[in-house]
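Undergrad: First, the structure itself, so that you have it in front of you.
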Amino acid sequence: MLIVNNLVKIFNSTRAVDNLSFIVKPGKIFGLLGPNGAGKTTAIRTILNIIKPTSGEIVFNGNPITYEYYNIIGYLPEERGLYKRSKVIDVLIYFASLKNINKSDALSNSDFWLKKLKILEFRDKKVEQLSKGNQQKVQLIAAIMHNPQLLILDEPFTGFDPINQQEVKDLILSFLSEGKTIIFSTHQMDLAEKLCEDILLINRGKAVSSGKLSDIKKNFGGNNIRIAFTGNNDFLKQFPEIIKYDHYHNFTDIQLTDEIIPSEFLKKLIGKIEINHFSIIEPTLNKIFIDRIKESAGSA
Amino acid sequence: MKKILAVAKWEYLEKVKTKTFIISLIITPIIIISFSILPSILFKEEAPNVEVIGLIDTSEVYFNEMEYELSQYKLPDGNRNYVLINLSFNSKNFEELKSTANKKVQKNLIEGCLVLYNPGSDSVYAEYRSKTIGNFKIVGRLEEALSSIRLKQKLEQEGIDTKILKYFQNKVSVDQLKVEEGGNVSDQDFLTTFFMSIIFILLLMMMVVYSGQMLVRSMIEEKSSRLIEMLISSSTPDELLTGKLIGLSLLGLTQIFIWVLIGISLVAGSFVPPSAFNNILPMLLYFILGYLFYSSLFVGIGSTVNTEQEAQQITTYLSLILMLPVVIAMPAIQNPDLLITKIFSYIPLTTPTVMLLRLNVESVSELEIILTLSILVLSILIVTKLSAKIFRIGILSYGSKPTIKEILQWIKE
């Protein structure tokens with residue numbers, strides 16, 4: 001369990017991280033979300049002990065961060081790259097040695113993961129001879145091969161094709177079942193929605209939304225429906241119950257006022273136009289993200 | 001400690017295997033040695049051909065004498081080096097004679113033509129016409145011959161025996177000896193030891209530039225790929241920096257070791273006299289410490305740059321500083337007590353190279369050696385400390401190059 005309390009980091013005069021508090025529970029994926037420049041990287045760097053926070057505390061499994069902490073964390077940075085002119089196995093052994101793993105363990109761990117991610121044949125090749133996707137796999141192995149207790153993954157899926165994305169997802173889930181603590185930072189809301197149980201949405205260093213994803217969705221509210229119909233959408237303007245609607249090619253999403261029950265609204269629609277589809281939708285994380293960020297930007 | 005060694009091992013092994021390193025290891029000494037040996041080889045070489053030289057002398061008194069003077073220069077096969085032909089024909093005037101001679105030179109019929117003005121008088125002077133200028137050897141010989149003839153004529157006029165001329169021509173020579181520390185006199189060849197210094201300085205410069213560039217390039221790679229973040233989430237920046245420095249130093253020592261082997265084999269092959277290595281111990285010390293000083297400087301500077309171009313600029317400036325002793329070499333040799341060379345000896349940036357030079361061209365007191373070495377060691381420690389501070393923040397700052405003001409702030413933090 002990772003507990004972060006009142007974390008503040010000030011660069012010169014900008015508050016890159018402004019009083020963040022959150023708890024990452026083991027066995028669950030914690031989503032650290034936010035637009036570009038929100039302070040995610042700075043927050044991650046303080047958790048990784050790369051930079052010292054201006055104030056606040058970070059406690060992992062009951063202990064404050066010390067030197068030994070380096071050996072039990074694994075980190076996959078957002079931007080990818082490895083020593084291009086070195087051999088895959090040499091790079092892996094080097095990273096393992098920086099986590100205090102001895103050479104024989106490093107060799108067997110490397111082979112295990114190379115085999116699991118189906119790139120064992122490239123073991124003795126130079127990194128630059130591998131495809132981009134395979135290079136990323138090597139880097140992922142470098143981040144996880146020392147069996148870390150706390151794993152921080154920054155956009156782990158970008159650059160992978162769907163098949164590899166599936167493999168990486170399975171790998172992350174297998175870590176989860178072993179009870180590890182995982183922080184997942186991303187812009188891809190659909191993935192965060194599928195994987196994360198708890199999220200922290202930040203903007204300009206401040207927390208915008210946090211907690212269980214299901215609670216956040218409930219609290220976000222909104223009486224939302226999706227309909228599909230034949231004909232022009234001009235008729236929607238006559239309903240005072242509609243707060244706003246978004247028209248897409250095949251369907252229209254409508255936000256209703258809280259008082260009206262969706263089925264009652266459907267009855268009103270039926271007389272006006274031919275309905276092909278009707279469903280009640282809960283807000284997507286994507287929508288929550290956009291709305292909340294806009295709100296916080298507006299209030300600031 | 002374990003992690004420091006891991007970093008050092010990685011930095012050393014990965015760089016020692018690169019082509020750049022192997023090339024610099026072997027090519028550098030070859031280039032430098034051939035540069036320093038080649039001129040003396042070329043200079044010694046005798047022209048293998050007989051050279052035909054024309055003479056325009058309207059008084060017609062010099063020809064026989066000149067021929068006699070030039071006959072002392074022989075080719076290796078025993079033939080005369082120079083054949084003199086008389087181009088002064090009575091029928092033509094002086095200007096015509098000169099233009100015919102020019103044509104002959106142009107057509108390669110003669111190598112060159114000596115034209116005498118005011119022959120027979122005391123104010124005789126001459127010009128040598130040939131297709132090239134820079135014929136120092138033949139011009140020198142002609143000057144010697146003409147002076148000797150002029151002197152002989154004067155002696156005859158005054159009624160003095162010309163045998164005395166031989167006596168004039170034998171000059172007294174002065175040999176140079178260097179008084180070493182402790183009163184010993186060494187008879188080492190000045191040129192050899194001087195070149196030795198220059199070779200050491202050039203080697204140091206090449207090494208610093210090569211390995212500095214290698215280091216900075218690998219740091220740019222780590223920064224641009226954000227590998228650095230994986231590294232410092234595994235070890236402290238200080239461990240990383242120390243490891244890199246140790247790796248780089250080992251790399252330098254490997255290079256020095258192999259170059260020393262080359263040096264020893266050159267002595268064994270008697271291409272270089274052993275006397276050239278008289279000061280080898282202090283020289284090696286300055287060399288190694290100089291290398292360490294620049295390496296620690298590079299680690300700090302290297303962490304602030306983001307592109308290869310910026311890195312190149314910095315290495316160029318540093319190599320210019322390293323070249324400084326070559327510029328001040330001549331005044332330093334003529335006047336070893338020059339204040340400026342003393343001052344440069346105590347500035348860590350120039351200490352190694354200036355001392356490498358001074359050690360061989362003058363006798364430097366032990367006190368000065370100890371003083372400069374301690375300054376060098378001290379500044380290595382200070383620079384490493386400062387570099388560590390810059391490194392800690394520099395490796396995490398991307399984008400624009402930090403200003404001096406920002407870097408100073410990092411040091412204060």
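Scheme for the structure tokens: letters A, B, ... for chains in order shown; per-chain residue numbers from 1; ligand numbers from 1 in order shown.
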Would you list the contacts of Phe94 in chain B as a PyMOL selection string, taking every protein, DNA or RNA residue within 9 Å and counting only C-alpha atoms, but skipping same-chain residues closer than 6 positions in sequence?
TA: chain B and resi 56+58+88
Undergrad: Mind dumping the selected residues with C-alpha atoms as a short mmCIF file (atom, residue, chain, number, x, y, z; two decimals), in the first residue's frame?
TA:
data_model
loop_
_atom_site.label_atom_id
_atom_site.label_comp_id
_atom_site.auth_asym_id
_atom_site.auth_seq_id
_atom_site.Cartn_x
_atom_site.Cartn_y
_atom_site.Cartn_z
CA ILE B 56 74.97 34.84 -65.34
CA THR B 58 79.07 39.60 -66.70
CA SER B 88 76.96 34.78 -69.86
#
Undergrad: Please run DSSP on the backbone and report, as a PyMOL selection string, all residues within range 159-234 of chain A that come out as alpha helix (DSSP H).
TA: chain A and resi 162-177+189-195+213-220
Undergrad: Name all residues at most 10 Å from Ser296 in chain A (count only C-alpha atoms; drop same-chain ones fewer than 2 positions away) and give them as a short mmCIF file (atom, residue, chain, number, x, y, z; two decimals) with N, CA, C and O atoms, in the first residue's frame.
TA:
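What landed in around.cif:
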data_model
loop_
_atom_site.label_atom_id
_atom_site.label_comp_id
_atom_site.auth_asym_id
_atom_site.auth_seq_id
_atom_site.Cartn_x
_atom_site.Cartn_y
_atom_site.Cartn_z
N ILE A 202 -6.01 14.69 -12.18
CA ILE A 202 -5.41 15.96 -11.76
C ILE A 202 -5.31 16.93 -12.92
O ILE A 202 -5.24 16.54 -14.09
N ASN A 203 -5.35 18.21 -12.57
CA ASN A 203 -5.13 19.26 -13.55
C ASN A 203 -4.40 20.40 -12.86
O ASN A 203 -4.75 20.78 -11.74
N ARG A 204 -3.38 20.93 -13.50
CA ARG A 204 -2.56 22.00 -12.94
C ARG A 204 -2.07 21.68 -11.53
O ARG A 204 -2.09 22.53 -10.65
N LYS A 206 -3.42 20.07 -9.23
CA LYS A 206 -4.44 19.86 -8.18
C LYS A 206 -5.31 18.66 -8.52
O LYS A 206 -5.54 18.35 -9.68
N ALA A 207 -5.83 18.01 -7.46
CA ALA A 207 -6.75 16.91 -7.67
C ALA A 207 -8.09 17.47 -8.13
O ALA A 207 -8.59 18.44 -7.57
N VAL A 208 -8.62 16.87 -9.21
CA VAL A 208 -9.92 17.31 -9.71
C VAL A 208 -10.98 16.31 -9.29
O VAL A 208 -12.09 16.68 -8.89
N ASP A 291 -15.15 16.93 -19.14
CA ASP A 291 -15.99 17.89 -18.41
C ASP A 291 -15.28 18.42 -17.17
O ASP A 291 -15.29 19.62 -16.90
N ARG A 292 -14.67 17.52 -16.43
CA ARG A 292 -14.02 17.93 -15.18
C ARG A 292 -12.84 18.87 -15.43
O ARG A 292 -12.64 19.84 -14.71
N ILE A 293 -12.08 18.55 -16.49
CA ILE A 293 -10.92 19.40 -16.78
C ILE A 293 -11.38 20.78 -17.21
O ILE A 293 -10.84 21.80 -16.80
N LYS A 294 -12.45 20.80 -18.03
CA LYS A 294 -12.99 22.09 -18.47
C LYS A 294 -13.50 22.89 -17.27
O LYS A 294 -13.26 24.09 -17.17
N GLY A 298 -12.15 26.38 -15.96
CA GLY A 298 -13.04 27.52 -15.89
C GLY A 298 -13.02 28.19 -14.52
O GLY A 298 -13.03 29.41 -14.42
N SER A 299 -12.92 27.35 -13.48
CA SER A 299 -12.96 27.90 -12.12
C SER A 299 -11.66 28.59 -11.74
O SER A 299 -11.63 29.43 -10.86
N ALA A 300 -10.59 28.19 -12.42
CA ALA A 300 -9.29 28.73 -12.03
C ALA A 300 -9.08 30.16 -12.52
O ALA A 300 -9.79 30.64 -13.36
#
Undergrad: Taking only C-alpha atoms into account, produce a table as a Markdown table in which each residue of chain A with an atom at most 6 Å from an atom of chain B appears once, together with its shortest atom pair and the distance in Å to one decimal, ordered by chain and rising number.
TA:
| residue | atom | partner | partner_atom | distance |
| --- | --- | --- | --- | --- |
| A:Leu48 | CA | B:Ser233 | CA | 5.9 |
| A:Tyr70 | CA | B:Ser234 | CA | 5.0 |
| A:Arg80 | CA | B:Ser225 | CA | 5.7 |
| A:Gly81 | CA | B:Ser225 | CA | 4.5 |
| A:Leu98 | CA | B:Lys3 | CA | 5.5 |
| A:Lys99 | CA | B:Ser234 | CA | 5.9 |
Undergrad: As an exercise, work out the distance from CA of Arg150 in chain B to CA of Leu109 in chain B in Å and give it to one decimal place.
TA: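 Computed distance, CA of Arg150 in chain B to CA of Leu109 in chain B, equals 28.6 Å.
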Undergrad: Fewer than 3 positions away in the same chain doesn't count, so skip those; otherwise give me all residues within 12 Å of Leu25 in chain B, counting only C-alpha atoms, as a ChimeraX atom specification.
TA: /B:16-22,28-32,203,206-207,210-211,251-262
Undergrad: Measuring atom to atom with only C-alpha atoms, identify which of A:Ala38, A:Ile119, A:Leu2, A:Val138 is nearest to Leu151 in chain A.
TA: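 That would be A:Leu2, the residue with the smallest distance to Leu151 in chain A.
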